[in-house]
Each structure stands twice: as structure tokens, then as C-alpha cells.
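Okay, data_32.pdb now, which holds PDB, C-alpha atoms, pLDDT in the B column:
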ATOM      1  CA  MET A   1     -24.598  63.526 -61.299  1.00 45.00           C
ATOM      2  CA  LYS A   2     -25.501  62.566 -57.764  1.00 46.00           C
ATOM      3  CA  ASN A   3     -24.807  65.001 -55.020  1.00 50.00           C
ATOM      4  CA  ALA A   4     -22.659  63.768 -52.139  1.00 49.00           C
ATOM      5  CA  LEU A   5     -24.606  63.314 -48.951  1.00 46.00           C
ATOM      6  CA  PRO A   6     -23.507  65.501 -46.052  1.00 50.00           C
ATOM      7  CA  THR A   7     -21.699  63.802 -43.199  1.00 47.00           C
ATOM      8  CA  ASN A   8     -23.906  63.060 -40.239  1.00 48.00           C
ATOM      9  CA  PRO A   9     -22.535  65.251 -37.423  1.00 48.00           C
ATOM     10  CA  LEU A  10     -23.966  62.838 -34.857  1.00 46.00           C
ATOM     11  CA  ALA A  11     -22.196  59.783 -36.255  1.00 43.00           C
ATOM     12  CA  PRO A  12     -19.571  58.358 -33.883  1.00 48.00           C
ATOM     13  CA  LYS A  13     -16.012  59.303 -34.726  1.00 55.00           C
ATOM     14  CA  GLY A  14     -12.934  57.129 -34.532  1.00 54.00           C
ATOM     15  CA  PRO A  15     -12.590  53.323 -34.682  1.00 60.00           C
ATOM     16  CA  HIS A  16     -15.772  51.267 -34.485  1.00 53.00           C
ATOM     17  CA  ARG A  17     -16.730  49.882 -31.087  1.00 55.00           C
ATOM     18  CA  ARG A  18     -19.383  47.265 -30.444  1.00 53.00           C
ATOM     19  CA  HIS A  19     -20.203  49.116 -27.227  1.00 57.00           C
ATOM     20  CA  PRO A  20     -18.835  52.413 -25.851  1.00 64.00           C
ATOM     21  CA  LYS A  21     -17.285  50.564 -22.890  1.00 78.00           C
ATOM     22  CA  MET A  22     -15.508  48.009 -25.069  1.00 82.00           C
ATOM     23  CA  LEU A  23     -12.305  48.134 -27.085  1.00 92.00           C
ATOM     24  CA  PRO A  24     -12.395  49.338 -30.691  1.00 89.00           C
ATOM     25  CA  ASP A  25     -12.453  46.552 -33.270  1.00 88.00           C
ATOM     26  CA  GLY A  26      -8.984  45.083 -33.812  1.00 92.00           C
ATOM     27  CA  ALA A  27      -7.530  46.934 -30.815  1.00 95.00           C
ATOM     28  CA  ARG A  28      -5.602  43.973 -29.438  1.00 94.00           C
ATOM     29  CA  GLU A  29      -3.717  43.336 -32.673  1.00 96.00           C
ATOM     30  CA  LYS A  30      -2.953  47.022 -33.221  1.00 97.00           C
ATOM     31  CA  LEU A  31      -1.701  47.472 -29.672  1.00 97.00           C
ATOM     32  CA  LEU A  32       0.540  44.410 -29.897  1.00 97.00           C
ATOM     33  CA  GLU A  33       2.032  45.836 -33.080  1.00 97.00           C
ATOM     34  CA  THR A  34       2.597  49.183 -31.369  1.00 97.00           C
ATOM     35  CA  VAL A  35       4.092  48.385 -27.964  1.00 97.00           C
ATOM     36  CA  ASN A  36       7.808  47.685 -27.781  1.00 94.00           C
ATOM     37  CA  ALA A  37       8.447  45.901 -24.483  1.00 98.00           C
ATOM     38  CA  ALA A  38       7.731  42.255 -23.695  1.00 98.00           C
ATOM     39  CA  ARG A  39       6.195  43.464 -20.433  1.00 98.00           C
ATOM     40  CA  ASP A  40       3.737  45.633 -22.349  1.00 98.00           C
ATOM     41  CA  ARG A  41       2.819  42.761 -24.669  1.00 98.00           C
ATOM     42  CA  LEU A  42       2.115  40.729 -21.536  1.00 98.00           C
ATOM     43  CA  VAL A  43      -0.160  43.478 -20.214  1.00 98.00           C
ATOM     44  CA  VAL A  44      -2.172  43.681 -23.439  1.00 98.00           C
ATOM     45  CA  THR A  45      -2.461  39.889 -23.724  1.00 97.00           C
ATOM     46  CA  TRP A  46      -3.352  39.249 -20.090  1.00 97.00           C
ATOM     47  CA  LEU A  47      -5.977  41.982 -20.018  1.00 96.00           C
ATOM     48  CA  ALA A  48      -7.470  40.685 -23.284  1.00 93.00           C
ATOM     49  CA  ASP A  49      -7.431  36.941 -22.491  1.00 91.00           C
ATOM     50  CA  GLY A  50      -7.830  37.043 -18.720  1.00 90.00           C
ATOM     51  CA  GLY A  51     -10.468  39.692 -18.175  1.00 89.00           C
ATOM     52  CA  LEU A  52      -8.367  41.020 -15.301  1.00 93.00           C
ATOM     53  CA  ARG A  53      -8.829  44.360 -13.628  1.00 92.00           C
ATOM     54  CA  ILE A  54      -5.703  46.532 -13.816  1.00 96.00           C
ATOM     55  CA  GLY A  55      -5.319  46.416 -10.027  1.00 96.00           C
ATOM     56  CA  GLU A  56      -5.480  42.614 -10.131  1.00 96.00           C
ATOM     57  CA  LEU A  57      -2.845  42.415 -12.861  1.00 97.00           C
ATOM     58  CA  CYS A  58      -0.420  44.868 -11.271  1.00 98.00           C
ATOM     59  CA  GLY A  59      -0.957  43.211  -7.892  1.00 98.00           C
ATOM     60  CA  LEU A  60       0.082  39.719  -9.020  1.00 98.00           C
ATOM     61  CA  HIS A  61       3.071  38.026  -7.420  1.00 98.00           C
ATOM     62  CA  LEU A  62       5.080  35.344  -9.181  1.00 97.00           C
ATOM     63  CA  VAL A  63       3.889  32.747  -6.658  1.00 97.00           C
ATOM     64  CA  ASP A  64       0.294  33.454  -7.710  1.00 98.00           C
ATOM     65  CA  LEU A  65       0.968  32.033 -11.171  1.00 98.00           C
ATOM     66  CA  HIS A  66       0.429  28.319 -11.749  1.00 97.00           C
ATOM     67  CA  LEU A  67       1.205  28.149 -15.448  1.00 96.00           C
ATOM     68  CA  ARG A  68       1.464  24.399 -15.865  1.00 94.00           C
ATOM     69  CA  GLU A  69      -1.224  21.750 -15.756  1.00 93.00           C
ATOM     70  CA  ASN A  70      -1.936  19.945 -12.498  1.00 94.00           C
ATOM     71  CA  ALA A  71      -0.342  22.588 -10.290  1.00 96.00           C
ATOM     72  CA  ALA A  72       0.484  21.717  -6.692  1.00 96.00           C
ATOM     73  CA  CYS A  73      -2.403  23.782  -5.326  1.00 97.00           C
ATOM     74  CA  GLY A  74      -4.791  21.106  -6.609  1.00 95.00           C
ATOM     75  CA  GLU A  75      -7.536  23.655  -7.247  1.00 93.00           C
ATOM     76  CA  CYS A  76      -7.503  23.781 -11.049  1.00 90.00           C
ATOM     77  CA  ARG A  77      -6.054  21.230 -13.453  1.00 92.00           C
ATOM     78  CA  ALA A  78      -5.474  23.754 -16.249  1.00 91.00           C
ATOM     79  CA  PRO A  79      -2.912  26.587 -16.146  1.00 93.00           C
ATOM     80  CA  HIS A  80      -4.295  29.361 -13.956  1.00 94.00           C
ATOM     81  CA  LEU A  81      -3.534  32.194 -11.566  1.00 95.00           C
ATOM     82  CA  HIS A  82      -4.752  33.170  -8.122  1.00 96.00           C
ATOM     83  CA  VAL A  83      -5.930  36.762  -7.638  1.00 95.00           C
ATOM     84  CA  CYS A  84      -5.147  37.525  -3.987  1.00 97.00           C
ATOM     85  CA  HIS A  85      -6.176  40.645  -2.111  1.00 96.00           C
ATOM     86  CA  ARG A  86      -2.950  42.164  -0.731  1.00 96.00           C
ATOM     87  CA  PRO A  87      -3.507  45.685   0.663  1.00 93.00           C
ATOM     88  CA  GLY A  88       0.199  46.008   1.493  1.00 93.00           C
ATOM     89  CA  ASN A  89       1.631  45.788  -2.019  1.00 97.00           C
ATOM     90  CA  PRO A  90       4.463  48.343  -2.439  1.00 96.00           C
ATOM     91  CA  ASN A  91       2.959  49.649  -5.713  1.00 97.00           C
ATOM     92  CA  ARG A  92      -0.453  50.038  -4.025  1.00 95.00           C
ATOM     93  CA  ALA A  93      -2.035  47.712  -6.561  1.00 97.00           C
ATOM     94  CA  GLU A  94      -4.908  45.957  -4.884  1.00 93.00           C
ATOM     95  CA  ALA A  95      -7.345  43.290  -6.036  1.00 93.00           C
ATOM     96  CA  LYS A  96     -10.959  44.304  -5.629  1.00 88.00           C
ATOM     97  CA  THR A  97     -12.095  40.814  -4.696  1.00 85.00           C
ATOM     98  CA  LYS A  98     -11.322  39.593  -1.190  1.00 91.00           C
ATOM     99  CA  HIS A  99     -11.572  35.813  -1.420  1.00 91.00           C
ATOM    100  CA  PRO A 100      -9.669  33.997   1.362  1.00 95.00           C
ATOM    101  CA  TRP A 101      -6.214  32.806   0.363  1.00 97.00           C
ATOM    102  CA  ARG A 102      -2.990  31.602   1.928  1.00 97.00           C
ATOM    103  CA  VAL A 103       0.568  30.538   1.168  1.00 96.00           C
ATOM    104  CA  GLU A 104       1.722  27.237   2.607  1.00 96.00           C
ATOM    105  CA  HIS A 105       5.125  25.747   1.773  1.00 94.00           C
ATOM    106  CA  GLY A 106       5.446  28.350  -0.977  1.00 94.00           C
ATOM    107  CA  ILE A 107       2.186  27.320  -2.665  1.00 97.00           C
ATOM    108  CA  VAL A 108      -0.700  29.758  -3.005  1.00 98.00           C
ATOM    109  CA  THR A 109      -4.218  28.432  -2.565  1.00 97.00           C
ATOM    110  CA  GLY A 110      -7.546  30.224  -2.589  1.00 95.00           C
ATOM    111  CA  GLY A 111      -8.155  33.706  -3.907  1.00 94.00           C
ATOM    112  CA  LEU A 112     -10.000  34.191  -7.188  1.00 91.00           C
ATOM    113  CA  ILE A 113      -8.867  31.495  -9.621  1.00 91.00           C
ATOM    114  CA  LYS A 114      -8.695  32.521 -13.282  1.00 90.00           C
ATOM    115  CA  ARG A 115      -7.760  30.335 -16.240  1.00 89.00           C
ATOM    116  CA  ILE A 116      -4.752  31.282 -18.376  1.00 92.00           C
ATOM    117  CA  SER A 117      -4.584  31.076 -22.163  1.00 92.00           C
ATOM    118  CA  PRO A 118      -1.585  29.698 -24.120  1.00 94.00           C
ATOM    119  CA  ALA A 119      -0.876  33.241 -25.337  1.00 95.00           C
ATOM    120  CA  MET A 120      -0.698  34.438 -21.735  1.00 96.00           C
ATOM    121  CA  VAL A 121       1.831  31.714 -20.912  1.00 97.00           C
ATOM    122  CA  HIS A 122       3.901  32.638 -23.973  1.00 98.00           C
ATOM    123  CA  THR A 123       4.071  36.345 -23.136  1.00 98.00           C
ATOM    124  CA  TYR A 124       4.964  35.527 -19.528  1.00 98.00           C
ATOM    125  CA  PHE A 125       8.010  33.469 -20.501  1.00 98.00           C
ATOM    126  CA  GLU A 126       9.066  36.051 -23.091  1.00 98.00           C
ATOM    127  CA  TYR A 127       8.953  38.742 -20.414  1.00 98.00           C
ATOM    128  CA  VAL A 128      10.689  36.905 -17.568  1.00 97.00           C
ATOM    129  CA  THR A 129      13.467  35.555 -19.801  1.00 97.00           C
ATOM    130  CA  THR A 130      14.264  38.835 -21.559  1.00 97.00           C
ATOM    131  CA  GLU A 131      13.335  41.747 -19.294  1.00 98.00           C
ATOM    132  CA  TYR A 132      12.655  40.682 -15.709  1.00 97.00           C
ATOM    133  CA  PRO A 133      15.631  41.820 -13.574  1.00 94.00           C
ATOM    134  CA  ARG A 134      17.653  39.356 -11.543  1.00 90.00           C
ATOM    135  CA  GLY A 135      17.837  39.707  -7.811  1.00 88.00           C
ATOM    136  CA  VAL A 136      14.428  41.331  -7.383  1.00 91.00           C
ATOM    137  CA  GLY A 137      13.291  40.728  -3.834  1.00 91.00           C
ATOM    138  CA  HIS A 138       9.676  41.904  -3.848  1.00 96.00           C
ATOM    139  CA  GLY A 139       8.421  38.965  -5.954  1.00 95.00           C
ATOM    140  CA  MET A 140       5.852  40.957  -7.931  1.00 98.00           C
ATOM    141  CA  LEU A 141       5.172  40.200 -11.594  1.00 98.00           C
ATOM    142  CA  LEU A 142       5.217  43.622 -13.245  1.00 98.00           C
ATOM    143  CA  VAL A 143       8.220  45.893 -12.765  1.00 98.00           C
ATOM    144  CA  GLN A 144       9.500  49.203 -14.054  1.00 97.00           C
ATOM    145  CA  LEU A 145      11.973  48.790 -16.881  1.00 97.00           C
ATOM    146  CA  HIS A 146      13.693  52.173 -17.049  1.00 93.00           C
ATOM    147  CA  GLY A 147      15.093  54.932 -14.874  1.00 93.00           C
ATOM    148  CA  ALA A 148      16.235  55.046 -11.271  1.00 94.00           C
ATOM    149  CA  ALA A 149      13.329  52.824 -10.181  1.00 94.00           C
ATOM    150  CA  THR A 150      14.179  49.975 -12.574  1.00 96.00           C
ATOM    151  CA  GLY A 151      13.102  46.682 -11.051  1.00 97.00           C
ATOM    152  CA  GLN A 152      10.628  48.221  -8.644  1.00 97.00           C
ATOM    153  CA  PRO A 153       6.957  47.149  -8.771  1.00 98.00           C
ATOM    154  CA  TRP A 154       5.025  48.836 -11.569  1.00 98.00           C
ATOM    155  CA  ALA A 155       2.011  50.799 -10.348  1.00 97.00           C
ATOM    156  CA  PRO A 156      -1.386  50.688 -12.106  1.00 97.00           C
ATOM    157  CA  VAL A 157      -1.002  54.330 -13.125  1.00 97.00           C
ATOM    158  CA  GLY A 158       2.098  53.378 -15.121  1.00 97.00           C
ATOM    159  CA  ALA A 159       0.209  50.636 -16.952  1.00 97.00           C
ATOM    160  CA  ARG A 160      -2.680  53.005 -17.654  1.00 97.00           C
ATOM    161  CA  ARG A 161      -0.333  55.597 -19.121  1.00 97.00           C
ATOM    162  CA  MET A 162       1.433  52.990 -21.257  1.00 98.00           C
ATOM    163  CA  LEU A 163      -1.899  51.822 -22.726  1.00 97.00           C
ATOM    164  CA  GLY A 164      -3.024  55.402 -23.261  1.00 96.00           C
ATOM    165  CA  ARG A 165       0.113  56.269 -25.214  1.00 97.00           C
ATOM    166  CA  ALA A 166       0.021  53.019 -27.203  1.00 97.00           C
ATOM    167  CA  GLY A 167      -3.643  53.557 -28.076  1.00 97.00           C
ATOM    168  CA  LYS A 168      -2.941  56.999 -29.484  1.00 96.00           C
ATOM    169  CA  ARG A 169       0.051  55.756 -31.498  1.00 97.00           C
ATOM    170  CA  ALA A 170      -2.105  52.941 -32.894  1.00 97.00           C
ATOM    171  CA  GLY A 171      -4.839  55.363 -33.946  1.00 96.00           C
ATOM    172  CA  LEU A 172      -7.306  53.953 -31.423  1.00 95.00           C
ATOM    173  CA  GLY A 173      -7.645  56.996 -29.234  1.00 93.00           C
ATOM    174  CA  VAL A 174      -7.449  56.610 -25.469  1.00 90.00           C
ATOM    175  CA  VAL A 175      -7.437  52.937 -24.473  1.00 95.00           C
ATOM    176  CA  LYS A 176      -8.514  52.209 -20.907  1.00 95.00           C
ATOM    177  CA  PRO A 177      -7.688  48.933 -19.127  1.00 95.00           C
ATOM    178  CA  HIS A 178     -11.283  48.264 -18.115  1.00 91.00           C
ATOM    179  CA  ALA A 179     -12.339  48.192 -21.780  1.00 93.00           C
ATOM    180  CA  PHE A 180     -10.442  44.900 -22.126  1.00 92.00           C
ATOM    181  CA  ARG A 181     -12.539  43.456 -19.318  1.00 87.00           C
ATOM    182  CA  HIS A 182     -15.825  44.432 -20.935  1.00 83.00           C
ATOM    183  CA  SER A 183     -14.705  43.081 -24.316  1.00 86.00           C
ATOM    184  CA  PHE A 184     -13.575  39.811 -22.723  1.00 83.00           C
ATOM    185  CA  THR A 185     -16.864  39.346 -20.864  1.00 79.00           C
ATOM    186  CA  SER A 186     -18.870  40.093 -23.987  1.00 79.00           C
ATOM    187  CA  ALA A 187     -16.838  37.565 -26.000  1.00 78.00           C
ATOM    188  CA  VAL A 188     -17.319  34.869 -23.338  1.00 72.00           C
ATOM    189  CA  LEU A 189     -21.032  35.659 -23.215  1.00 73.00           C
ATOM    190  CA  ASP A 190     -21.245  35.161 -26.986  1.00 72.00           C
ATOM    191  CA  ALA A 191     -19.226  31.932 -26.884  1.00 69.00           C
ATOM    192  CA  ALA A 192     -21.346  30.591 -24.002  1.00 63.00           C
ATOM    193  CA  GLU A 193     -24.557  31.394 -25.900  1.00 64.00           C
ATOM    194  CA  GLY A 194     -25.692  33.955 -23.350  1.00 62.00           C
ATOM    195  CA  ASN A 195     -24.888  31.993 -20.182  1.00 58.00           C
ATOM    196  CA  THR A 196     -24.332  34.817 -17.700  1.00 61.00           C
ATOM    197  CA  LEU A 197     -23.051  32.462 -14.991  1.00 59.00           C
ATOM    198  CA  ILE A 198     -20.155  31.390 -17.206  1.00 54.00           C
ATOM    199  CA  ALA A 199     -19.449  35.002 -18.152  1.00 55.00           C
ATOM    200  CA  ARG A 200     -19.590  35.986 -14.486  1.00 58.00           C
ATOM    201  CA  ASP A 201     -17.091  33.358 -13.367  1.00 60.00           C
ATOM    202  CA  ALA A 202     -14.759  33.806 -16.328  1.00 59.00           C
ATOM    203  CA  GLY A 203     -14.511  37.531 -15.639  1.00 54.00           C
ATOM    204  CA  GLY A 204     -14.699  37.371 -11.869  1.00 58.00           C
ATOM    205  CA  TRP A 205     -17.750  39.629 -11.701  1.00 50.00           C
ATOM    206  CA  ALA A 206     -19.607  39.951  -8.417  1.00 51.00           C
ATOM    207  CA  SER A 207     -22.866  38.635  -9.872  1.00 47.00           C
ATOM    208  CA  ALA A 208     -24.549  37.397 -13.024  1.00 44.00           C
ATOM    209  CA  ALA A 209     -26.937  40.356 -12.721  1.00 49.00           C
ATOM    210  CA  MET A 210     -23.968  42.684 -13.055  1.00 46.00           C
ATOM    211  CA  VAL A 211     -23.021  40.944 -16.304  1.00 46.00           C
ATOM    212  CA  ASP A 212     -26.563  41.553 -17.549  1.00 51.00           C
ATOM    213  CA  GLU A 213     -26.330  45.224 -16.683  1.00 49.00           C
ATOM    214  CA  VAL A 214     -23.157  45.653 -18.666  1.00 49.00           C
ATOM    215  CA  TYR A 215     -24.292  43.694 -21.596  1.00 47.00           C
ATOM    216  CA  GLY A 216     -25.293  29.324  -8.936  1.00 39.00           C
ATOM    217  CA  HIS A 217     -21.466  28.991  -9.596  1.00 43.00           C
ATOM    218  CA  VAL A 218     -19.784  27.498 -12.644  1.00 44.00           C
ATOM    219  CA  ASP A 219     -17.097  24.861 -12.186  1.00 48.00           C
ATOM    220  CA  VAL A 220     -13.814  25.893 -13.854  1.00 47.00           C
ATOM    221  CA  HIS A 221     -13.633  22.318 -15.163  1.00 53.00           C
ATOM    222  CA  ASP A 222     -17.113  22.443 -16.706  1.00 57.00           C
ATOM    223  CA  PRO A 223     -16.826  21.456 -20.422  1.00 67.00           C
ATOM    224  CA  VAL A 224     -19.052  24.369 -21.478  1.00 60.00           C
ATOM    225  CA  PHE A 225     -16.954  26.814 -19.456  1.00 59.00           C
ATOM    226  CA  ASP A 226     -13.776  25.363 -20.954  1.00 70.00           C
ATOM    227  CA  ALA A 227     -15.167  25.462 -24.489  1.00 72.00           C
ATOM    228  CA  ALA A 228     -16.249  29.082 -24.127  1.00 65.00           C
ATOM    229  CA  LEU A 229     -12.807  30.207 -22.997  1.00 62.00           C
ATOM    230  CA  ARG A 230     -11.027  28.241 -25.715  1.00 72.00           C
ATOM    231  CA  THR A 231     -13.335  29.767 -28.320  1.00 74.00           C
ATOM    232  CA  VAL A 232     -12.565  33.270 -27.089  1.00 71.00           C
ATOM    233  CA  TRP A 233      -8.826  32.629 -26.981  1.00 75.00           C
ATOM    234  CA  SER A 234      -8.766  31.166 -30.495  1.00 78.00           C
ATOM    235  CA  GLU A 235     -10.688  34.128 -31.868  1.00 61.00           C
ATOM    236  CA  THR A 236      -8.448  36.730 -30.224  1.00 63.00           C
ATOM    237  CA  LYS A 237      -5.044  35.429 -31.308  1.00 58.00           C
TER     238      LYS A 237
END

Show me the file's structure as C-alpha cells.
Amino acid sequence: MKNALPTNPLAPKGPHRRHPKMLPDGAREKLLETVNAARDRLVVTWLADGGLRIGELCGLHLVDLHLRENAACGECRAPHLHVCHRPGNPNRAEAKTKHPWRVEHGIVTGGLIKRISPAMVHTYFEYVTTEYPRGVGHGMLLVQLHGAATGQPWAPVGARRMLGRAGKRAGLGVVKPHAFRHSFTSAVLDAAEGNTLIARDAGGWASAAMVDEVYGHVDVHDPVFDAALRTVWSETK
């Protein structure tokens, strides 16, 4: 009879992760099964498919979202959003990047342009048609859904806490928003066969060297760029 081998005390505990900074395997699916609100499904999906920072996501305004092809801004043919640095947001959510942007005739141009997946579009319409309050005057995307502050802009700390609770309920441990960003960048890097420029622009990183540390400019209409994103989105449904 063979003796059972003792458990290695140094072996990592909990769900498997490709890298300590990334999400555990299958985290997206487990979180989507765990969260209850359409808003929270939007958060999980947009972090996973968009590679957004939590401050960027919570700082989005509805006018920043160009969810149909050939939007009036003329800056990207595919559905996309504009990450705009707004230090005066009432929820104190602030984009890290400070690309020039403006609003003219109600149309946002400039900022950091990021492509949007079909799943992101779907969760947006589910959220705004079922949970987004009427008569909200601040124009921000994410709002509080309960309590005396219902309808007010949702702060990044609220999103962090929601993900933390959902991660524990799903058996994933503590889930941090930035882990989605690292997982997204790694997936794009794989799909682009190691092209750090594509990974940099897809994730909005400051430099290709920074992408290398974690694991020229690429046109958002570049076929290779487009193919890499579509590969990632199809694999993370």
C-alpha cells in the first residue's frame, strides 16, 4: 500500500492564478453567476473586456459612450468609449490618463479611446433599461441602487467592496479591480502573439515597456489589433 504524500506547505492555496496579479481561473464566469444587480454585471464585464481602471469606469459619463458603429465623433468606426480626465466628478472617480478632450454640441471627442465588446454593449442596455433611475441630473454611468443615496454617483470604493464581497461568495477570495486589467492585458498579449504595442494600446498603458514589466502607436482600426480584441472577447464570454 502506498503512503499518501504530505501536502506541500509552500504550495499556493485557493483558486489557480496564472500570475499573482491576475484573476483566478474562471473568475469572470463565477462572479457573473454570483452578483445580483445588472449594474454589477456591467462592472464585471466592462472590467474584464475593457481593461479599464476602476477610476476610469466609475468616472464615465453617459456622453462618453459611443456604443454604435460610426459614431458622430468620427474617431473610431467601431463601438467605443472615451475615457476623459474629470477631476471634478462628484464621486471623486478620476481617470489616471489626461489626454485632451472636449464636448462640442453634446459630442465627446478626444480622451483615451477604448473599444467596446458586444458583451459590454449588452450589459449596458440591460442596466440602463432595468435599474438606471429616471431624472438623474449628474449624467454619470454608475449609480447607487439602494438607500438614501439611490441615484447618486457610485464611488470606486463601493465598486471595490462589491467585487470583494462577490469574490468571497464565489469562493475566489478577495477580488481586486486591477486584477481584471492585468488579465485583460495578458490575454491581448497572447492573442497578439506578444505584440506589446497592441497590448499597450488595448489596455491604455503608459508604455510598451510597462506591459513588459507586468508580463510607436497602434491604430484602433489595425486588422491585427481588431483580431486580437475579438479573440479575447470570444474566449471570455

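Coordinates place CA of Val188 (chain A) at a distance of 9.7 Å from CA of Ala227 (chain A).
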
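Each of A:Val44, A:Ile113, A:Val121, A:Cys58 was checked against Glu94 (chain A) using all atoms listed in the file; the smallest atom-to-atom distance is that of A:Cys58.
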
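If only C-alpha atoms are the atoms counted, then among A:Arg92, A:Arg160, A:His138, A:Arg77 the closest residue to Arg115 (chain A) is A:Arg77.
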
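Taking all atoms listed in the file into account, Met140 (chain A) lies nearest to A:Leu57 out of the set A:Ala179, A:Leu57, A:Val232, A:Val157.
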
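Here, the PyMOL selection byres ((chain A and resi 150-152) around 10) matches A:Pro90, A:Asn91, A:Glu131, A:Tyr132, A:Pro133, A:Arg134, A:Gly135, A:Val136, A:Gly137, A:His138, A:Gly139, A:Met140, A:Leu142, A:Val143, A:Gln144, A:Leu145, A:His146, A:Gly147, A:Ala148, A:Ala149, A:Pro153, A:Trp154, A:Ala155.
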
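Of the listed residues (A:Lys96, A:Arg28, A:Lys168, A:His82), A:Arg28 comes nearest to Phe180 (chain A); the distances count only C-alpha atoms.
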
Axis-aligned box for region 112-126 of chain A, 4 Å per side, centre and edges in Å as JSON:
{"center_x": -0.5, "center_y": 33.0, "center_z": -16.3, "size_x": 27.1, "size_y": 14.6, "size_z": 26.1}

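Residue nearest Glu104 (chain A), chosen from A:Val83, A:Ala37, A:Leu189, A:Cys73 and counting all atoms listed in the file: A:Cys73.
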
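Of note, CA of Ala71 (chain A) and CA of Thr109 (chain A) are spaced 10.4 Å apart.
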
**Item:** Interatomic distance (Å, one decimal) between CA of His178 (chain A) and CA of Ile54 (chain A)
**Value:** 7.3 Å

**Message:** Which residues, named as in the file, does the PyMOL selection byres ((chain A and resi 23) around 12) pick out? Answer as number ranges by chain.
**Reply:** A: 14-22, 24-31, 44, 47-48, 163, 167, 172-187

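With distances taken over all atoms listed in the file, A:Gly74 is the one residue among A:Gly50, A:Pro156, A:Gly171, A:Gly74 lying closest to Ile107 (chain A).
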